[in-house]
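**Q** Have a look at this one before I ask anything.
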Amino acid sequence: MLALLLAVVLSMVFSLTLTPVFVKLFHKLQWGQFIRSDGPQSHHSKRGTATMGGIVIIIGTLFGYFIAKLVTGEAVSVSALLVLFMMVGLGLVGFTDDFLKVRKQQSLGLGGWSKIAGQLVVAVAFGIMAINFANSNGVTPASTAISFTRDLNFDLIFAGPFIGYALYLIWTSFLVVGTSNGVNLTDGLDGLATGATILALGSYIIIGFWQFNQSCFNPALAADVVHKCYNVRDPLDLAIVAAAIAGALIGFLWWNTSPADIFLGDTGSLALGGAVVALAILTHTELLLILIGGLYVIEAGSVIIQRAYFKATHGKRIFLMSPIHHHFELKGWAEVTVVVRFWIVAGLLCAAGVGVFYLEWFYR
């Protein structure tokens, strides 16, 4: 518990106090944001705002997590390292995209397929490592079963070892690409993705802590609830790393709210998407991510629907602009109004996700 509190406080203090230093550095390096020419006119005033803020969050997370572990003397778990691997790996993909934008002096960096290729490389590497490194109880960080609030009775190995592992990697890659791009699409207004992700990470802090208390390997677990236990490796450490990321985001949000002094950039949005989906996979709550990351689903869904309808009707649109937060901007909502109302939606969906998680345990 001490490590969890230290992680969130240390990472928050790091990002809160040092983000202005990074802002000055990024301005000196001329790492400023370029704005889409077809976006809302109100966004053109944001041109030149420091970007690649994900660097601050990643460093703050690493600082908070590892210093907390050092102070408490607790061992670093494989599961937490996998979350950090996903976060840093996708952050590097996003950084490449951001850096190319700055270098080319335009709002487009990596091509769409190049970005997906980078995400797939990280996803496959994560997937392979996540079904190795079994602990003394023979439990690996991830499993080949599809999960909701815990693993379902649908193991992809049903197709045989070779095809089963291939299906597992395809499934994992789909989750990674979908979630990281969902967060990337959500990151269109000052503080929107940051606040929504704090709420999602809060959900995984609760889930990880609950799984630790109800672990199948907890000798103090009451006999009448043993059948409800969770066969998850390192659940408490997953809660700790989620707390470190949330702390870094809370400090960063102070400078990221409207009008933002610094943007996440693809460095931040892809890194955060990677962290959230890694937590979902390693806590064995993959399908529950539809609720916990519900705002990301809505944002990505609005883009998919808009494009499909545009092609099917040869030029007609459902929304004034996608992702959907821009639709409400163009309808006259103030940016802060859109952000706060979308945070409320994200919070309600996260609460529903945690509620479903608990109710499954309660009625099991």
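Just remember, in the structure tokens the first chain shown is A, the second B, etc., residues are 1-based per chain, and ligands are 1-based in the order shown.
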Enumerate, in order of chain and increasing residue number, the residues of region 224-267 of chain A with an atom no farther than 10 Å from region 215-220 of chain A, each with its shortest atom pair and distance in Å to one decimal, counting only C-alpha atoms, as a tab-separated table.
**A**
```
residue	atom	partner	partner_atom	distance
A:Val225	CA	A:Cys216	CA	9.7
A:Val226	CA	A:Cys216	CA	6.9
A:His227	CA	A:Cys216	CA	8.6
A:Lys228	CA	A:Cys216	CA	8.4
A:Cys229	CA	A:Cys216	CA	4.8
A:Tyr230	CA	A:Ser215	CA	4.9
A:Asn231	CA	A:Cys216	CA	5.7
A:Val232	CA	A:Ser215	CA	7.2
A:Arg233	CA	A:Ser215	CA	8.9
A:Asp234	CA	A:Ser215	CA	9.5
A:Pro235	CA	A:Ser215	CA	8.3
A:Leu236	CA	A:Ser215	CA	9.9
```
**Q** Would you save the residues of that selection, restricted to N, CA, C and O atoms, as a short mmCIF file (atom, residue, chain, number, x, y, z; two decimals), in the first residue's frame?
**A**
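For reference, selection-v7.cif as written:
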```cif
data_model
loop_
_atom_site.label_atom_id
_atom_site.label_comp_id
_atom_site.auth_asym_id
_atom_site.auth_seq_id
_atom_site.Cartn_x
_atom_site.Cartn_y
_atom_site.Cartn_z
N VAL A 225 -15.07 -17.80 -0.02
CA VAL A 225 -14.93 -17.01 -1.25
C VAL A 225 -13.79 -17.52 -2.14
O VAL A 225 -13.43 -16.87 -3.11
N VAL A 226 -13.24 -18.68 -1.78
CA VAL A 226 -12.14 -19.22 -2.58
C VAL A 226 -12.55 -19.44 -4.02
O VAL A 226 -11.76 -19.22 -4.95
N HIS A 227 -13.79 -19.84 -4.24
CA HIS A 227 -14.26 -20.11 -5.60
C HIS A 227 -14.40 -18.82 -6.43
O HIS A 227 -14.57 -18.88 -7.65
N LYS A 228 -14.27 -17.66 -5.76
CA LYS A 228 -14.36 -16.38 -6.47
C LYS A 228 -12.99 -15.76 -6.74
O LYS A 228 -12.90 -14.67 -7.27
N CYS A 229 -11.93 -16.46 -6.35
CA CYS A 229 -10.60 -15.86 -6.39
C CYS A 229 -10.13 -15.59 -7.82
O CYS A 229 -10.65 -16.15 -8.78
N TYR A 230 -9.11 -14.73 -7.93
CA TYR A 230 -8.56 -14.33 -9.23
C TYR A 230 -7.19 -14.95 -9.44
O TYR A 230 -6.30 -14.82 -8.60
N ASN A 231 -7.03 -15.60 -10.59
CA ASN A 231 -5.78 -16.24 -10.95
C ASN A 231 -4.95 -15.28 -11.80
O ASN A 231 -4.65 -15.52 -12.96
N VAL A 232 -4.60 -14.14 -11.20
CA VAL A 232 -3.89 -13.07 -11.91
C VAL A 232 -2.51 -12.90 -11.28
O VAL A 232 -2.38 -12.87 -10.06
N ARG A 233 -1.50 -12.79 -12.11
CA ARG A 233 -0.14 -12.59 -11.61
C ARG A 233 0.10 -11.11 -11.28
O ARG A 233 -0.27 -10.23 -12.06
N ASP A 234 0.67 -10.82 -10.15
CA ASP A 234 1.12 -9.48 -9.74
C ASP A 234 0.02 -8.41 -9.76
O ASP A 234 0.26 -7.28 -10.22
N PRO A 235 -1.19 -8.70 -9.27
CA PRO A 235 -2.26 -7.68 -9.36
C PRO A 235 -1.95 -6.40 -8.59
O PRO A 235 -2.27 -5.31 -9.05
N LEU A 236 -1.30 -6.51 -7.41
CA LEU A 236 -1.00 -5.31 -6.64
C LEU A 236 0.01 -4.44 -7.38
O LEU A 236 -0.12 -3.20 -7.39
#
```
**Q** Hey, what's within 9 Å of region 182-194 of chain A if we count only C-alpha atoms and toss same-chain stuff fewer than 3 positions away? As a ChimeraX atom specification, please?
**A** /A:43,177-179,197-199,249-250,252-260,262-266,268-270,272-273,293,295-301,303,323-326,335-336,338-340,342-343
**Q** Pick out the residues sitting within 12 Å of Glu74 (chain A), and hand them over as a PDB file with N, CA, C and O atoms, in the first residue's frame; count only C-alpha atoms, and ignore anything fewer than 2 positions along from it in its own chain.
**A**
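The result, stored in out-v5.pdb:
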```pdb
ATOM      1  N   MET A   1       0.832  -1.203   0.000  1.00  0.00           N
ATOM      2  CA  MET A   1       0.000   0.000   0.000  1.00  0.00           C
ATOM      3  C   MET A   1       0.870   1.257   0.000  1.00  0.00           C
ATOM      4  O   MET A   1       0.575   2.239  -0.677  1.00  0.00           O
ATOM      5  N   LEU A   2       1.974   1.217   0.758  1.00  0.00           N
ATOM      6  CA  LEU A   2       2.879   2.362   0.813  1.00  0.00           C
ATOM      7  C   LEU A   2       3.479   2.641  -0.558  1.00  0.00           C
ATOM      8  O   LEU A   2       3.598   3.806  -0.970  1.00  0.00           O
ATOM      9  N   ALA A   3       3.843   1.572  -1.267  1.00  0.00           N
ATOM     10  CA  ALA A   3       4.427   1.741  -2.605  1.00  0.00           C
ATOM     11  C   ALA A   3       3.430   2.404  -3.548  1.00  0.00           C
ATOM     12  O   ALA A   3       3.807   3.248  -4.375  1.00  0.00           O
ATOM     13  N   LEU A   4       2.160   2.047  -3.426  1.00  0.00           N
ATOM     14  CA  LEU A   4       1.127   2.639  -4.287  1.00  0.00           C
ATOM     15  C   LEU A   4       1.006   4.140  -4.017  1.00  0.00           C
ATOM     16  O   LEU A   4       0.960   4.949  -4.953  1.00  0.00           O
ATOM     17  N   TYR A  65       7.392   5.124 -10.166  1.00  0.00           N
ATOM     18  CA  TYR A  65       7.294   3.682  -9.915  1.00  0.00           C
ATOM     19  C   TYR A  65       8.588   3.125  -9.326  1.00  0.00           C
ATOM     20  O   TYR A  65       8.575   2.439  -8.288  1.00  0.00           O
ATOM     21  N   PHE A  66       9.712   3.405  -9.969  1.00  0.00           N
ATOM     22  CA  PHE A  66      10.967   2.786  -9.539  1.00  0.00           C
ATOM     23  C   PHE A  66      11.478   3.369  -8.213  1.00  0.00           C
ATOM     24  O   PHE A  66      12.049   2.636  -7.396  1.00  0.00           O
ATOM     25  N   ILE A  67      11.274   4.652  -7.967  1.00  0.00           N
ATOM     26  CA  ILE A  67      11.682   5.226  -6.681  1.00  0.00           C
ATOM     27  C   ILE A  67      10.814   4.659  -5.562  1.00  0.00           C
ATOM     28  O   ILE A  67      11.308   4.359  -4.459  1.00  0.00           O
ATOM     29  N   ALA A  68       9.515   4.490  -5.820  1.00  0.00           N
ATOM     30  CA  ALA A  68       8.621   3.895  -4.816  1.00  0.00           C
ATOM     31  C   ALA A  68       9.070   2.481  -4.480  1.00  0.00           C
ATOM     32  O   ALA A  68       9.080   2.077  -3.312  1.00  0.00           O
ATOM     33  N   LYS A  69       9.470   1.739  -5.478  1.00  0.00           N
ATOM     34  CA  LYS A  69       9.948   0.369  -5.256  1.00  0.00           C
ATOM     35  C   LYS A  69      11.264   0.366  -4.484  1.00  0.00           C
ATOM     36  O   LYS A  69      11.500  -0.475  -3.610  1.00  0.00           O
ATOM     37  N   LEU A  70      12.126   1.312  -4.817  1.00  0.00           N
ATOM     38  CA  LEU A  70      13.426   1.409  -4.150  1.00  0.00           C
ATOM     39  C   LEU A  70      13.256   1.758  -2.671  1.00  0.00           C
ATOM     40  O   LEU A  70      13.903   1.160  -1.796  1.00  0.00           O
ATOM     41  N   VAL A  71      12.386   2.700  -2.391  1.00  0.00           N
ATOM     42  CA  VAL A  71      12.161   3.148  -1.010  1.00  0.00           C
ATOM     43  C   VAL A  71      11.548   2.027  -0.160  1.00  0.00           C
ATOM     44  O   VAL A  71      11.948   1.815   0.989  1.00  0.00           O
ATOM     45  N   THR A  72      10.568   1.321  -0.702  1.00  0.00           N
ATOM     46  CA  THR A  72       9.878   0.276   0.055  1.00  0.00           C
ATOM     47  C   THR A  72      10.627  -1.050   0.053  1.00  0.00           C
ATOM     48  O   THR A  72      10.316  -1.942   0.849  1.00  0.00           O
ATOM     49  N   VAL A  76      10.454  -5.550  -8.198  1.00  0.00           N
ATOM     50  CA  VAL A  76       9.761  -5.107  -9.413  1.00  0.00           C
ATOM     51  C   VAL A  76       9.214  -6.342 -10.117  1.00  0.00           C
ATOM     52  O   VAL A  76       9.929  -7.321 -10.315  1.00  0.00           O
ATOM     53  N   SER A  77       7.940  -6.315 -10.474  1.00  0.00           N
ATOM     54  CA  SER A  77       7.314  -7.496 -11.082  1.00  0.00           C
ATOM     55  C   SER A  77       7.419  -7.471 -12.604  1.00  0.00           C
ATOM     56  O   SER A  77       7.557  -6.409 -13.226  1.00  0.00           O
ATOM     57  N   LEU A 236      -1.300  -6.514  -7.412  1.00  0.00           N
ATOM     58  CA  LEU A 236      -0.996  -5.312  -6.642  1.00  0.00           C
ATOM     59  C   LEU A 236       0.011  -4.436  -7.377  1.00  0.00           C
ATOM     60  O   LEU A 236      -0.123  -3.200  -7.387  1.00  0.00           O
ATOM     61  N   ASP A 237       0.987  -5.041  -8.017  1.00  0.00           N
ATOM     62  CA  ASP A 237       1.978  -4.248  -8.738  1.00  0.00           C
ATOM     63  C   ASP A 237       1.363  -3.593  -9.977  1.00  0.00           C
ATOM     64  O   ASP A 237       1.811  -2.526 -10.401  1.00  0.00           O
ATOM     65  N   ILE A 240      -0.075  -0.542  -8.649  1.00  0.00           N
ATOM     66  CA  ILE A 240       0.969   0.437  -8.350  1.00  0.00           C
ATOM     67  C   ILE A 240       1.424   1.156  -9.615  1.00  0.00           C
ATOM     68  O   ILE A 240       1.574   2.385  -9.631  1.00  0.00           O
TER      69      ILE A 240
END
```
**Q** Based on DSSP run over this structure's backbone, return all residues of region 56-222 of chain A in strand (DSSP E), as a PyMOL selection string.
**A** chain A and resi 145-147+151-155
**Q** Distance CA of Pro161 (chain A)-CA of Leu120 (chain A), one decimal place?
**A**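 Computing it gives 21.2 Å between the two atoms.
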**Q** So which one's closest to Val78 (chain A), A:Gln211, A:Thr17, A:Asn135, A:Thr337? Using only C-alpha atoms, please.
**A**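 With only C-alpha atoms as the atom set, the closest residue is A:Asn135.
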**Q** With only C-alpha atoms as the atoms that count, which of A:Met87, A:Ile128, A:Ala200, A:Ala242 lies nearest to Ser11 (chain A)?
**A**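 Comparing A:Met87, A:Ile128, A:Ala200, A:Ala242 against Ser11 (chain A), the winner is A:Ala242.
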**Q** Interatomic distance between CA of Tyr168 (chain A) and CA of Ser114 (chain A)?
**A**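 According to the coordinates, CA of Tyr168 (chain A) and CA of Ser114 (chain A) are separated by 22.6 Å.
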**Q** If you run DSSP on this backbone, which residues of region 124-182 of chain A come out as alpha helix (DSSP H), and could you give them as a list of chain:residue names?
**A** A:Val124, A:Ala125, A:Phe126, A:Gly127, A:Ile128, A:Met129, A:Ala130, A:Pro161, A:Phe162, A:Ile163, A:Gly164, A:Tyr165, A:Ala166, A:Leu167, A:Tyr168, A:Leu169, A:Ile170, A:Trp171, A:Thr172, A:Ser173, A:Phe174, A:Leu175, A:Val176, A:Val177, A:Gly178, A:Thr179, A:Ser180, A:Asn181, A:Gly182
**Q** If I take CA of Thr19 (chain A) and CA of Phe85 (chain A), how far is one from the other in Å, to one decimal?
**A**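 According to the coordinates, CA of Thr19 (chain A) and CA of Phe85 (chain A) are separated by 22.5 Å.
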